[in-house]
>>> print(open('query22.csv').read())   # CSV, C-alpha atoms
chain,number,residue,atom,x,y,z
A,244,MET,CA,-40.5,41.0,20.4
A,245,LYS,CA,-39.4,37.5,19.6
A,246,VAL,CA,-39.7,37.5,15.9
A,247,VAL,CA,-36.0,38.5,15.3
A,248,PRO,CA,-34.4,35.7,17.4
A,249,ILE,CA,-36.7,33.2,15.8
A,250,PHE,CA,-35.9,34.5,12.4
A,251,VAL,CA,-32.1,34.4,13.1
A,252,GLY,CA,-32.5,30.9,14.5
A,253,ALA,CA,-34.3,29.8,11.4
A,254,LEU,CA,-31.5,31.3,9.2
A,255,LEU,CA,-28.9,29.4,11.2
A,256,LEU,CA,-30.8,26.2,10.8
A,257,PHE,CA,-30.7,26.6,7.1
A,258,ALA,CA,-27.3,28.1,6.8
A,259,ALA,CA,-25.4,25.3,8.6
A,260,PRO,CA,-26.4,22.4,6.3
A,261,SER,CA,-26.0,24.6,3.2
A,262,ALA,CA,-22.4,25.5,4.1
A,263,ASN,CA,-21.6,21.9,4.6
A,264,ALA,CA,-23.4,21.1,1.3
A,265,GLN,CA,-21.2,23.6,-0.4
A,266,GLY,CA,-18.1,22.0,1.0
A,267,VAL,CA,-19.2,18.6,-0.1
A,268,ALA,CA,-19.9,20.0,-3.6
A,269,ASP,CA,-16.5,21.6,-3.7
A,270,LEU,CA,-14.9,18.3,-2.6
A,271,LYS,CA,-16.6,16.4,-5.4
A,272,ALA,CA,-15.7,19.1,-7.9
A,273,GLN,CA,-12.1,19.6,-6.9
A,274,CYS,CA,-10.9,16.3,-5.5
A,275,SER,CA,-12.9,13.4,-7.1
A,276,ALA,CA,-10.8,13.3,-10.3
A,277,CYS,CA,-7.8,12.0,-8.3
A,278,HIS,CA,-9.3,10.6,-5.1
A,279,ALA,CA,-12.0,8.0,-4.4
A,280,LEU,CA,-14.6,9.7,-2.2
A,281,GLU,CA,-16.7,6.6,-2.1
A,282,LYS,CA,-15.7,3.1,-1.4
A,283,PRO,CA,-14.7,1.5,-4.8
A,284,ALA,CA,-17.2,-1.0,-5.9
A,285,ASN,CA,-14.6,-3.1,-7.6
A,286,PRO,CA,-11.2,-2.9,-6.1
A,287,THR,CA,-8.4,-4.3,-8.2
A,288,VAL,CA,-4.6,-4.1,-8.6
A,289,ASP,CA,-5.1,-2.2,-11.8
A,290,ARG,CA,-7.2,0.5,-9.9
A,291,LEU,CA,-4.1,1.1,-7.7
A,292,TRP,CA,-2.1,1.6,-10.8
A,293,SER,CA,-4.5,4.0,-12.4
A,294,ARG,CA,-5.6,6.2,-9.5
A,295,LYS,CA,-3.9,9.5,-9.1
A,296,GLY,CA,-4.3,10.0,-5.4
A,297,PRO,CA,-4.9,8.1,-2.2
A,298,ASP,CA,-8.5,7.1,-1.4
A,299,LEU,CA,-10.4,9.5,0.8
A,300,TRP,CA,-13.6,7.6,1.4
A,301,TYR,CA,-12.7,7.1,5.0
A,302,ALA,CA,-10.9,10.5,5.5
A,303,GLY,CA,-13.1,11.4,8.5
A,304,ASP,CA,-11.8,8.4,10.3
A,305,LYS,CA,-8.2,9.0,9.2
A,306,PHE,CA,-7.2,12.6,9.5
A,307,ASN,CA,-7.2,15.3,12.2
A,308,ARG,CA,-9.2,18.3,10.9
A,309,GLU,CA,-6.6,20.8,12.1
A,310,TRP,CA,-3.9,19.1,10.1
A,311,LEU,CA,-6.1,18.9,7.0
A,312,VAL,CA,-6.8,22.7,7.1
A,313,GLY,CA,-3.1,23.5,7.3
A,314,TRP,CA,-2.0,20.9,4.8
A,315,LEU,CA,-4.6,21.8,2.1
A,316,GLN,CA,-3.2,25.4,2.2
A,317,LYS,CA,0.4,24.3,2.2
A,318,PRO,CA,0.8,20.7,1.0
A,319,THR,CA,4.0,18.8,1.9
A,320,THR,CA,5.2,15.4,0.7
A,321,ILE,CA,3.5,12.5,2.3
A,322,ARG,CA,4.5,9.8,-0.2
A,323,PRO,CA,8.1,10.4,-1.5
A,324,GLY,CA,7.4,8.4,-4.7
A,325,GLY,CA,3.8,9.6,-5.2
A,326,VAL,CA,0.7,7.5,-4.7
A,327,LEU,CA,2.3,4.5,-6.4
A,328,TRP,CA,6.1,4.6,-5.7
A,329,PHE,CA,6.9,2.2,-8.6
A,330,LYS,CA,5.8,4.7,-11.2
A,331,ASN,CA,8.6,7.0,-10.2
A,332,ALA,CA,11.3,4.4,-9.3
A,333,LYS,CA,14.4,4.1,-11.3
A,334,PRO,CA,16.9,1.3,-11.2
A,335,GLY,CA,20.3,2.2,-9.9
A,336,GLU,CA,23.4,1.5,-7.7
A,337,PRO,CA,23.7,0.9,-4.9
A,338,ARG,CA,19.9,0.8,-5.0
A,339,ASP,CA,16.9,2.0,-6.9
A,340,THR,CA,15.9,5.6,-6.4
A,341,LEU,CA,12.8,7.7,-6.7
A,342,ASP,CA,12.5,10.5,-9.1
A,343,THR,CA,10.8,12.8,-6.6
A,344,ALA,CA,10.8,15.7,-9.0
A,345,ALA,CA,8.4,13.7,-11.3
A,346,VAL,CA,5.8,13.5,-8.5
A,347,PRO,CA,3.1,16.0,-9.3
A,348,PRO,CA,2.6,18.6,-6.5
A,349,HIS,CA,-0.8,18.7,-4.7
A,350,PRO,CA,-2.7,21.9,-5.5
A,351,ALA,CA,-3.0,24.4,-2.6
A,352,VAL,CA,-6.2,26.2,-1.7
A,353,ASP,CA,-7.0,29.3,0.4
A,354,ALA,CA,-7.9,29.2,4.1
A,355,ALA,CA,-11.7,29.5,3.6
A,356,THR,CA,-11.7,26.7,1.0
A,357,ALA,CA,-9.4,24.5,3.2
A,358,GLY,CA,-11.8,24.8,6.1
A,359,LYS,CA,-14.8,23.8,3.9
A,360,LEU,CA,-13.0,20.9,2.3
A,361,ALA,CA,-11.7,19.7,5.7
A,362,ASP,CA,-15.3,19.8,7.1
A,363,ALA,CA,-16.5,17.8,4.0
A,364,LEU,CA,-13.6,15.3,4.4
A,365,MET,CA,-14.3,14.8,8.1
A,366,GLY,CA,-17.8,13.8,7.0
A,367,LEU,CA,-16.5,10.8,5.0
A,368,LYS,CA,-16.6,7.8,7.3
A,369,GLY,CA,-15.5,4.2,6.7
A,370,ASN,CA,-18.7,2.6,7.9
A,371,GLY,CA,-17.3,0.9,11.0
A,372,LEU,CA,-13.8,0.2,9.6
A,373,VAL,CA,-12.3,2.1,12.5
A,374,ALA,CA,-13.4,1.2,16.0
A,375,ALA,CA,-13.5,4.2,18.3
A,376,GLY,CA,-11.5,3.6,21.4
A,377,ALA,CA,-9.5,0.7,20.0
A,378,PHE,CA,-6.2,2.5,20.8
A,379,LYS,CA,-5.5,2.6,24.5
A,380,ALA,CA,-3.2,5.5,25.2
A,381,GLU,CA,-2.6,4.7,28.8
A,382,GLY,CA,0.4,2.6,29.6
A,383,ALA,CA,1.9,3.0,26.1
A,384,ASN,CA,5.5,2.1,25.9
A,385,LEU,CA,7.2,4.3,23.3
A,386,THR,CA,10.6,2.6,23.6
A,387,MET,CA,9.1,-0.8,22.9
A,388,GLY,CA,7.0,0.8,20.1
A,389,LYS,CA,10.0,2.3,18.5
A,390,MET,CA,11.8,-1.1,18.6
A,391,ALA,CA,8.9,-2.9,17.1
A,392,PHE,CA,8.5,-0.2,14.4
A,393,GLY,CA,12.2,-0.2,13.5
A,394,LYS,CA,13.6,-3.7,14.0
A,395,LEU,CA,11.2,-6.3,15.3
A,396,ARG,CA,8.3,-5.8,13.0
A,397,GLY,CA,10.0,-4.0,10.1
A,398,CYS,CA,7.6,-1.0,9.7
A,399,ALA,CA,10.7,1.2,9.0
A,400,ALA,CA,11.4,-1.0,5.9
A,401,CYS,CA,8.7,1.0,4.1
A,402,HIS,CA,8.0,4.1,6.3
A,403,GLN,CA,10.1,7.0,7.5
A,404,ASP,CA,9.7,7.8,11.1
A,405,LYS,CA,12.3,10.7,10.8
A,406,PRO,CA,13.0,12.6,7.6
A,407,GLY,CA,15.5,10.7,5.6
A,408,GLU,CA,15.3,7.6,7.9
A,409,GLY,CA,13.4,4.5,6.7
A,410,GLY,CA,11.8,3.2,3.6
A,411,VAL,CA,10.1,5.3,1.0
A,412,SER,CA,7.4,3.1,-0.6
A,413,GLY,CA,4.9,3.9,2.2
A,414,SER,CA,3.7,7.2,3.5
A,415,GLN,CA,6.1,9.1,5.8
A,416,LEU,CA,5.1,8.9,9.4
A,417,TYR,CA,7.3,11.5,11.0
A,418,ASP,CA,4.3,13.9,11.3
A,419,ALA,CA,1.7,11.1,11.9
A,420,GLY,CA,0.9,12.4,15.3
A,421,GLN,CA,-0.5,15.6,13.8
A,422,ARG,CA,-2.0,14.0,10.7
A,423,LEU,CA,-3.6,10.8,11.8
A,424,GLN,CA,-6.2,9.7,14.3
A,425,PRO,CA,-4.8,7.0,16.7
A,426,ASP,CA,-7.8,4.6,16.2
A,427,TYR,CA,-7.3,4.8,12.5
A,428,VAL,CA,-3.6,3.9,12.8
A,429,HIS,CA,-4.5,1.0,15.0
A,430,ALA,CA,-7.2,-0.2,12.5
A,431,TYR,CA,-5.0,0.2,9.5
A,432,ILE,CA,-2.0,-1.6,10.9
A,433,LYS,CA,-4.3,-4.4,12.1
A,434,ASP,CA,-5.7,-5.0,8.7
A,435,PRO,CA,-4.7,-2.9,5.7
A,436,GLN,CA,-6.6,-5.1,3.4
A,437,ALA,CA,-9.8,-4.1,5.1
A,438,PHE,CA,-9.3,-0.7,3.6
A,439,ASP,CA,-8.1,-1.9,0.3
A,440,ARG,CA,-7.9,-5.6,-0.6
A,441,PHE,CA,-4.9,-5.0,-2.9
A,442,VAL,CA,-2.9,-2.4,-1.1
A,443,TRP,CA,0.9,-3.1,-0.9
A,444,MET,CA,1.1,-2.9,2.9
A,445,PRO,CA,0.8,-6.5,4.1
A,446,ARG,CA,-1.2,-7.6,7.1
A,447,LEU,CA,1.3,-8.8,9.8
A,448,THR,CA,0.5,-11.2,12.6
A,449,LEU,CA,0.7,-8.9,15.5
A,450,SER,CA,-0.4,-9.3,19.1
A,451,ASP,CA,-2.7,-6.6,20.5
A,452,GLN,CA,0.3,-5.5,22.7
A,453,ASP,CA,2.4,-5.0,19.5
A,454,LEU,CA,-0.5,-3.1,17.8
A,455,GLN,CA,-0.9,-0.8,20.8
A,456,ARG,CA,2.9,-0.1,21.1
A,457,ILE,CA,3.4,0.5,17.4
A,458,THR,CA,0.3,2.8,17.2
A,459,ALA,CA,1.5,4.7,20.3
A,460,TYR,CA,4.9,5.2,18.7
A,461,VAL,CA,3.5,6.2,15.3
A,462,VAL,CA,1.1,8.8,16.7
A,463,SER,CA,3.9,10.2,19.0
A,464,ASN,CA,5.8,11.3,15.9
A,465,GLY,CA,5.6,15.0,15.1
A,466,LYS,CA,3.5,15.9,18.1
A,467,LYS,CA,4.0,19.6,18.6
A,468,SER,CA,5.3,19.0,22.1
A,469,ASP,CA,8.2,17.0,20.6
B,84,MET,CA,-0.1,-46.5,-44.2
B,85,SER,CA,-3.8,-46.1,-44.7
B,86,GLN,CA,-5.4,-42.8,-45.5
B,87,ALA,CA,-7.4,-43.0,-42.3
B,88,LYS,CA,-4.3,-43.4,-40.2
B,89,ILE,CA,-2.6,-40.5,-41.9
B,90,THR,CA,-5.6,-38.2,-41.4
B,91,GLY,CA,-5.8,-39.3,-37.8
B,92,GLY,CA,-2.1,-38.6,-37.3
B,93,ILE,CA,-2.5,-35.2,-38.8
B,94,ILE,CA,-5.5,-34.4,-36.5
B,95,ALA,CA,-3.6,-35.6,-33.5
B,96,LEU,CA,-0.6,-33.5,-34.4
B,97,VAL,CA,-2.7,-30.4,-35.0
B,98,LEU,CA,-4.5,-31.0,-31.7
B,99,ALA,CA,-1.2,-31.5,-29.8
B,100,THR,CA,0.2,-28.3,-31.4
B,101,SER,CA,-2.8,-26.2,-30.6
B,102,ILE,CA,-2.9,-27.5,-27.0
B,103,GLY,CA,0.8,-26.7,-26.7
B,104,HIS,CA,0.2,-23.2,-28.0
B,105,ALA,CA,-2.7,-22.8,-25.6
B,106,ALA,CA,-0.6,-23.9,-22.7
B,107,ALA,CA,2.2,-21.6,-23.8
B,108,ALA,CA,-0.2,-18.7,-24.0
B,109,ASP,CA,-1.6,-19.6,-20.6
B,110,ASP,CA,1.9,-19.7,-19.2
B,111,SER,CA,2.8,-16.4,-20.8
B,112,ALA,CA,-0.4,-14.7,-19.3
B,113,LYS,CA,0.5,-16.1,-15.9
B,114,LEU,CA,4.1,-14.8,-16.1
B,115,LYS,CA,2.8,-11.4,-17.2
B,116,ALA,CA,0.3,-11.3,-14.3
B,117,SER,CA,3.0,-12.4,-11.9
B,118,ALA,CA,5.4,-9.7,-13.2
B,119,LYS,CA,2.7,-7.0,-12.5
B,120,LEU,CA,2.2,-8.4,-8.9
B,121,TYR,CA,6.0,-8.4,-8.4
B,122,ASP,CA,6.1,-4.7,-9.5
B,123,THR,CA,3.3,-3.9,-7.1
B,124,TYR,CA,4.4,-5.8,-4.0
B,125,CYS,CA,7.9,-7.2,-4.3
B,126,ALA,CA,9.9,-4.6,-6.2
B,127,GLN,CA,9.8,-2.1,-3.3
B,128,CYS,CA,12.5,-4.2,-1.6
B,129,HIS,CA,13.6,-6.7,-4.3
B,130,GLY,CA,14.2,-4.0,-6.9
B,131,VAL,CA,12.6,-3.0,-10.2
B,132,LEU,CA,15.3,-5.1,-11.9
B,133,ARG,CA,14.7,-8.0,-9.4
B,134,ASN,CA,18.3,-7.7,-8.2
B,135,GLY,CA,17.6,-7.1,-4.5
B,136,LYS,CA,18.3,-3.3,-4.8
B,137,GLY,CA,14.8,-1.9,-4.1
B,138,VAL,CA,14.1,1.7,-3.0
B,139,ASN,CA,13.5,0.5,0.6
B,140,THR,CA,16.8,-1.2,1.1
B,141,VAL,CA,18.6,1.9,2.4
B,142,GLY,CA,18.1,1.1,6.1
B,143,LEU,CA,17.5,-2.7,6.1
B,144,SER,CA,19.7,-4.7,8.4
B,145,VAL,CA,19.3,-7.7,6.2
B,146,GLN,CA,19.4,-7.1,2.4
B,147,PRO,CA,16.7,-8.7,0.3
B,148,ARG,CA,17.5,-11.6,-1.9
B,149,ASP,CA,18.7,-11.0,-5.4
B,150,HIS,CA,16.1,-12.9,-7.5
B,151,SER,CA,18.3,-12.6,-10.6
B,152,GLU,CA,21.1,-14.5,-9.1
B,153,THR,CA,20.9,-18.0,-10.4
B,154,LYS,CA,23.1,-20.0,-8.1
B,155,GLY,CA,21.5,-18.7,-4.8
B,156,MET,CA,18.0,-19.1,-6.2
B,157,MET,CA,18.7,-22.6,-7.4
B,158,SER,CA,19.5,-23.6,-3.8
B,159,ILE,CA,16.0,-22.8,-2.5
B,160,PRO,CA,13.4,-25.5,-2.7
B,161,LEU,CA,10.2,-24.4,-4.5
B,162,GLU,CA,8.1,-25.2,-1.4
B,163,GLU,CA,10.3,-23.0,0.7
B,164,MET,CA,9.9,-20.1,-1.7
B,165,ALA,CA,6.1,-20.4,-1.6
B,166,THR,CA,6.2,-20.6,2.2
B,167,ALA,CA,8.4,-17.5,2.5
B,168,ILE,CA,6.1,-15.5,0.2
B,169,ARG,CA,2.9,-16.8,1.9
B,170,ASP,CA,4.0,-16.7,5.6
B,171,GLY,CA,7.0,-14.4,5.6
B,172,GLY,CA,10.8,-14.9,6.1
B,173,ALA,CA,10.5,-16.0,9.7
B,174,ALA,CA,8.5,-19.0,8.6
B,175,VAL,CA,11.6,-20.4,6.8
B,176,ASN,CA,14.2,-19.2,9.4
B,177,LYS,CA,15.0,-16.1,7.3
B,178,SER,CA,14.7,-12.4,8.0
B,179,ALA,CA,11.4,-11.3,9.5
B,180,LEU,CA,11.8,-8.1,7.4
B,181,MET,CA,10.2,-10.3,4.6
B,182,PRO,CA,6.6,-10.0,5.6
B,183,PRO,CA,3.8,-12.6,4.9
B,184,TRP,CA,1.9,-11.8,1.7
B,185,ASN,CA,-1.0,-14.1,2.4
B,186,SER,CA,-3.4,-11.2,3.0
B,187,VAL,CA,-2.8,-10.0,-0.5
B,188,LEU,CA,-1.8,-12.9,-2.7
B,189,THR,CA,-3.9,-16.0,-3.2
B,190,ASP,CA,-2.4,-19.5,-3.1
B,191,GLY,CA,-2.6,-19.7,-6.9
B,192,GLU,CA,-0.9,-16.3,-7.3
B,193,ILE,CA,1.9,-17.5,-5.0
B,194,THR,CA,2.4,-20.7,-7.0
B,195,ASP,CA,2.5,-18.6,-10.2
B,196,MET,CA,5.0,-16.2,-8.5
B,197,VAL,CA,7.3,-19.1,-7.7
B,198,ALA,CA,7.2,-20.2,-11.4
B,199,TYR,CA,7.9,-16.5,-12.3
B,200,LEU,CA,10.9,-16.4,-10.0
B,201,ARG,CA,12.3,-19.5,-11.6
B,202,LYS,CA,12.2,-17.6,-14.9
B,203,VAL,CA,13.7,-14.4,-13.4
B,204,CYS,CA,16.7,-16.4,-12.0
B,205,ARG,CA,17.0,-18.5,-15.2
B,206,CYS,CA,17.2,-21.4,-12.9
B,207,ASP,CA,15.5,-23.9,-15.3
B,208,GLU,CA,17.9,-23.0,-18.1
B,209,GLN,CA,20.7,-24.5,-16.0
B,210,ASN,CA,19.1,-28.0,-16.0
>>> encode(input="query22.csv", output="structure tokens")
Amino acid sequence: MKVVPIFVGALLLFAAPSANAQGVADLKAQCSACHALEKPANPTVDRLWSRKGPDLWYAGDKFNREWLVGWLQKPTTIRPGGVLWFKNAKPGEPRDTLDTAAVPPHPAVDAATAGKLADALMGLKGNGLVAAGAFKAEGANLTMGKMAFGKLRGCAACHQDKPGEGGVSGSQLYDAGQRLQPDYVHAYIKDPQAFDRFVWMPRLTLSDQDLQRITAYVVSNGKKSD
Amino acid sequence: MSQAKITGGIIALVLATSIGHAAAADDSAKLKASAKLYDTYCAQCHGVLRNGKGVNTVGLSVQPRDHSETKGMMSIPLEEMATAIRDGGAAVNKSALMPPWNSVLTDGEITDMVAYLRKVCRCDEQN
């Protein structure tokens, strides 16, 4: 009799979208108070000062799902000074410092919720902002990439590529290989203002060779084989 | 002096004063806007007190300029300041660690930032 398989198949057809719909609903309910889940209609400098978390409207282009599932259950620090470092900066000698204790911790969720939220996040796409295949893994020169990141192009002025080494106003990149998709890293370095017109990472004039090298180095950080 | 001349003089004085106030208010708004942009983009290296001691200076091979230091700032031509902000340090033979900000700041905002920096360094008070 073929009624049972057809019935099960019909159930699956309906079950799959509804599970995803539940994840999307959870994402909106739990995350939208702090994160932009849709591209802001009117980006401004003031919006950067008032938002409570980084934008997630292109999360599906940005993150690796496996990392999301783990991080949502056990969040770790990505931005040492919070989403806007200035709010937690204090003047001092020999230099200003960040009051990291003042940065609110990200809430943790259970494994089932993390999976649903990660699926919903992976569905958020930047509408062509990230070109698939822009990063060419073959022939990557990590030594040159590290030099460009550290000295030649000054990425390390704002980003840490090892815990405790590098600047702190940008996101840490020592686990970028687990967290970020290479094509996203390439697209973001190439033009940060395409993602947010006012974000405080400037657009450098980089050759494609530099872009490829820096991307290769960034996504090599924190790979589990390291 | 005729009544008409006195009245005209008073009107001219009132007009000049109000225009002066409007210009001062305009300058004040521009300085406030520049200060906010400085906090957003510049202070990460140049410091929340504008003294070159930003949170990112820990590993920099070349330390950022202290914008509160009058003598050093006086020595930089205004156009050079604008070029450094717009096109980066390398464009004025300074450190490439100072990036170009032309993807974020407009030409008008850069002009206003130069005027703000002249306030920060108290450079115009020395004239």
>>> residues_around(input="query22.csv", residues="Asp339 of chain A", least_positions_apart="3", cutoff="10 Å", atoms="only C-alpha atoms", output="PyMOL selection string")
(chain A and resi 332-336+342) or (chain B and resi 126-132+134-141)
>>> interface_residues(input="query22.csv", of="chain B", to="chain A", cutoff="12 Å", atoms="only C-alpha atoms", output="mmCIF file with C-alpha atoms, in the frame of the given file")
data_model
loop_
_atom_site.group_PDB
_atom_site.id
_atom_site.type_symbol
_atom_site.label_atom_id
_atom_site.label_comp_id
_atom_site.auth_asym_id
_atom_site.auth_seq_id
_atom_site.Cartn_x
_atom_site.Cartn_y
_atom_site.Cartn_z
ATOM 1 C CA ALA B 116 0.300 -11.300 -14.300
ATOM 2 C CA SER B 117 3.000 -12.400 -11.900
ATOM 3 C CA LYS B 119 2.700 -7.000 -12.500
ATOM 4 C CA LEU B 120 2.200 -8.400 -8.900
ATOM 5 C CA TYR B 121 6.000 -8.400 -8.400
ATOM 6 C CA ASP B 122 6.100 -4.700 -9.500
ATOM 7 C CA THR B 123 3.300 -3.900 -7.100
ATOM 8 C CA TYR B 124 4.400 -5.800 -4.000
ATOM 9 C CA CYS B 125 7.900 -7.200 -4.300
ATOM 10 C CA ALA B 126 9.900 -4.600 -6.200
ATOM 11 C CA GLN B 127 9.800 -2.100 -3.300
ATOM 12 C CA CYS B 128 12.500 -4.200 -1.600
ATOM 13 C CA HIS B 129 13.600 -6.700 -4.300
ATOM 14 C CA GLY B 130 14.200 -4.000 -6.900
ATOM 15 C CA VAL B 131 12.600 -3.000 -10.200
ATOM 16 C CA LEU B 132 15.300 -5.100 -11.900
ATOM 17 C CA ARG B 133 14.700 -8.000 -9.400
ATOM 18 C CA ASN B 134 18.300 -7.700 -8.200
ATOM 19 C CA GLY B 135 17.600 -7.100 -4.500
ATOM 20 C CA LYS B 136 18.300 -3.300 -4.800
ATOM 21 C CA GLY B 137 14.800 -1.900 -4.100
ATOM 22 C CA VAL B 138 14.100 1.700 -3.000
ATOM 23 C CA ASN B 139 13.500 0.500 0.600
ATOM 24 C CA THR B 140 16.800 -1.200 1.100
ATOM 25 C CA VAL B 141 18.600 1.900 2.400
ATOM 26 C CA GLY B 142 18.100 1.100 6.100
ATOM 27 C CA LEU B 143 17.500 -2.700 6.100
ATOM 28 C CA SER B 144 19.700 -4.700 8.400
ATOM 29 C CA VAL B 145 19.300 -7.700 6.200
ATOM 30 C CA GLN B 146 19.400 -7.100 2.400
ATOM 31 C CA PRO B 147 16.700 -8.700 0.300
ATOM 32 C CA ASP B 149 18.700 -11.000 -5.400
ATOM 33 C CA ILE B 168 6.100 -15.500 0.200
ATOM 34 C CA ARG B 169 2.900 -16.800 1.900
ATOM 35 C CA ASP B 170 4.000 -16.700 5.600
ATOM 36 C CA GLY B 171 7.000 -14.400 5.600
ATOM 37 C CA GLY B 172 10.800 -14.900 6.100
ATOM 38 C CA ALA B 173 10.500 -16.000 9.700
ATOM 39 C CA ALA B 174 8.500 -19.000 8.600
ATOM 40 C CA SER B 178 14.700 -12.400 8.000
ATOM 41 C CA ALA B 179 11.400 -11.300 9.500
ATOM 42 C CA LEU B 180 11.800 -8.100 7.400
ATOM 43 C CA MET B 181 10.200 -10.300 4.600
ATOM 44 C CA PRO B 182 6.600 -10.000 5.600
ATOM 45 C CA PRO B 183 3.800 -12.600 4.900
ATOM 46 C CA TRP B 184 1.900 -11.800 1.700
ATOM 47 C CA ASN B 185 -1.000 -14.100 2.400
ATOM 48 C CA SER B 186 -3.400 -11.200 3.000
ATOM 49 C CA VAL B 187 -2.800 -10.000 -0.500
ATOM 50 C CA LEU B 188 -1.800 -12.900 -2.700
ATOM 51 C CA THR B 189 -3.900 -16.000 -3.200
#
>>> atom_distance(input="query22.csv", atom1="atom CA of Val373 of chain A", atom2="atom CA of Asp453 of chain A")
17.8 Å
>>> closest_residue(input="query22.csv", among="A:Phe438, A:Phe378, A:Tyr460, A:Tyr427", to="Lys305 of chain A", atoms="all atoms listed in the file")
A:Tyr427
>>> atom_distance(input="query22.csv", atom1="atom CA of Arg322 of chain A", atom2="atom CA of Leu200 of chain B")
28.7 Å
>>> atom_distance(input="query22.csv", atom1="atom CA of Asp195 of chain B", atom2="atom CA of Lys282 of chain A")
29.7 Å
>>> residues_around(input="query22.csv", residues="Gly313 of chain A", least_positions_apart="6", cutoff="12 Å", atoms="all atoms listed in the file", output="ChimeraX atom specification")
/A:306-307,319,351-358,360-361,421-422
>>> write_last_selection(input="query22.csv", atoms="C-alpha atoms", output="CSV table (one decimal), keeping the file's coordinate frame")
chain,number,residue,atom,x,y,z
A,306,PHE,CA,-7.2,12.6,9.5
A,307,ASN,CA,-7.2,15.3,12.2
A,319,THR,CA,4.0,18.8,1.9
A,351,ALA,CA,-3.0,24.4,-2.6
A,352,VAL,CA,-6.2,26.2,-1.7
A,353,ASP,CA,-7.0,29.3,0.4
A,354,ALA,CA,-7.9,29.2,4.1
A,355,ALA,CA,-11.7,29.5,3.6
A,356,THR,CA,-11.7,26.7,1.0
A,357,ALA,CA,-9.4,24.5,3.2
A,358,GLY,CA,-11.8,24.8,6.1
A,360,LEU,CA,-13.0,20.9,2.3
A,361,ALA,CA,-11.7,19.7,5.7
A,421,GLN,CA,-0.5,15.6,13.8
A,422,ARG,CA,-2.0,14.0,10.7
>>> closest_residue(input="query22.csv", among="B:Ala118, B:Leu161, B:Ser111, B:Lys177", to="Arg201 of chain B", atoms="only C-alpha atoms")
B:Leu161
>>> build_atoms(input="query22.csv", residues="segment 428-440 of chain A", atoms="N, CA and C atoms", output="PDB file, in the coordinates of the input")
ATOM      1  N   VAL A 428      -4.891   4.574  12.904  1.00  0.00           N
ATOM      2  CA  VAL A 428      -3.600   3.900  12.800  1.00  0.00           C
ATOM      3  C   VAL A 428      -3.662   2.491  13.287  1.00  0.00           C
ATOM      4  N   HIS A 429      -4.326   2.310  14.408  1.00  0.00           N
ATOM      5  CA  HIS A 429      -4.500   1.000  15.000  1.00  0.00           C
ATOM      6  C   HIS A 429      -5.253   0.063  13.997  1.00  0.00           C
ATOM      7  N   ALA A 430      -6.350   0.567  13.444  1.00  0.00           N
ATOM      8  CA  ALA A 430      -7.200  -0.200  12.500  1.00  0.00           C
ATOM      9  C   ALA A 430      -6.424  -0.576  11.250  1.00  0.00           C
ATOM     10  N   TYR A 431      -5.664   0.406  10.734  1.00  0.00           N
ATOM     11  CA  TYR A 431      -5.000   0.200   9.500  1.00  0.00           C
ATOM     12  C   TYR A 431      -3.842  -0.813   9.601  1.00  0.00           C
ATOM     13  N   ILE A 432      -3.073  -0.676  10.696  1.00  0.00           N
ATOM     14  CA  ILE A 432      -2.000  -1.600  10.900  1.00  0.00           C
ATOM     15  C   ILE A 432      -2.557  -3.038  11.100  1.00  0.00           C
ATOM     16  N   LYS A 433      -3.657  -3.106  11.829  1.00  0.00           N
ATOM     17  CA  LYS A 433      -4.300  -4.400  12.100  1.00  0.00           C
ATOM     18  C   LYS A 433      -4.687  -5.134  10.854  1.00  0.00           C
ATOM     19  N   ASP A 434      -5.253  -4.395   9.908  1.00  0.00           N
ATOM     20  CA  ASP A 434      -5.700  -5.000   8.700  1.00  0.00           C
ATOM     21  C   ASP A 434      -5.773  -4.049   7.520  1.00  0.00           C
ATOM     22  N   PRO A 435      -4.636  -3.805   6.855  1.00  0.00           N
ATOM     23  CA  PRO A 435      -4.700  -2.900   5.700  1.00  0.00           C
ATOM     24  C   PRO A 435      -5.615  -3.286   4.618  1.00  0.00           C
ATOM     25  N   GLN A 436      -5.757  -4.614   4.451  1.00  0.00           N
ATOM     26  CA  GLN A 436      -6.600  -5.100   3.400  1.00  0.00           C
ATOM     27  C   GLN A 436      -8.096  -4.858   3.618  1.00  0.00           C
ATOM     28  N   ALA A 437      -8.453  -4.518   4.855  1.00  0.00           N
ATOM     29  CA  ALA A 437      -9.800  -4.100   5.100  1.00  0.00           C
ATOM     30  C   ALA A 437     -10.144  -2.789   4.443  1.00  0.00           C
ATOM     31  N   PHE A 438      -9.100  -1.986   4.251  1.00  0.00           N
ATOM     32  CA  PHE A 438      -9.300  -0.700   3.600  1.00  0.00           C
ATOM     33  C   PHE A 438      -9.122  -0.789   2.103  1.00  0.00           C
ATOM     34  N   ASP A 439      -8.201  -1.620   1.677  1.00  0.00           N
ATOM     35  CA  ASP A 439      -8.100  -1.900   0.300  1.00  0.00           C
ATOM     36  C   ASP A 439      -7.511  -3.338   0.129  1.00  0.00           C
ATOM     37  N   ARG A 440      -8.265  -4.180  -0.487  1.00  0.00           N
ATOM     38  CA  ARG A 440      -7.900  -5.600  -0.600  1.00  0.00           C
ATOM     39  C   ARG A 440      -6.540  -5.796  -1.270  1.00  0.00           C
TER      40      ARG A 440
END
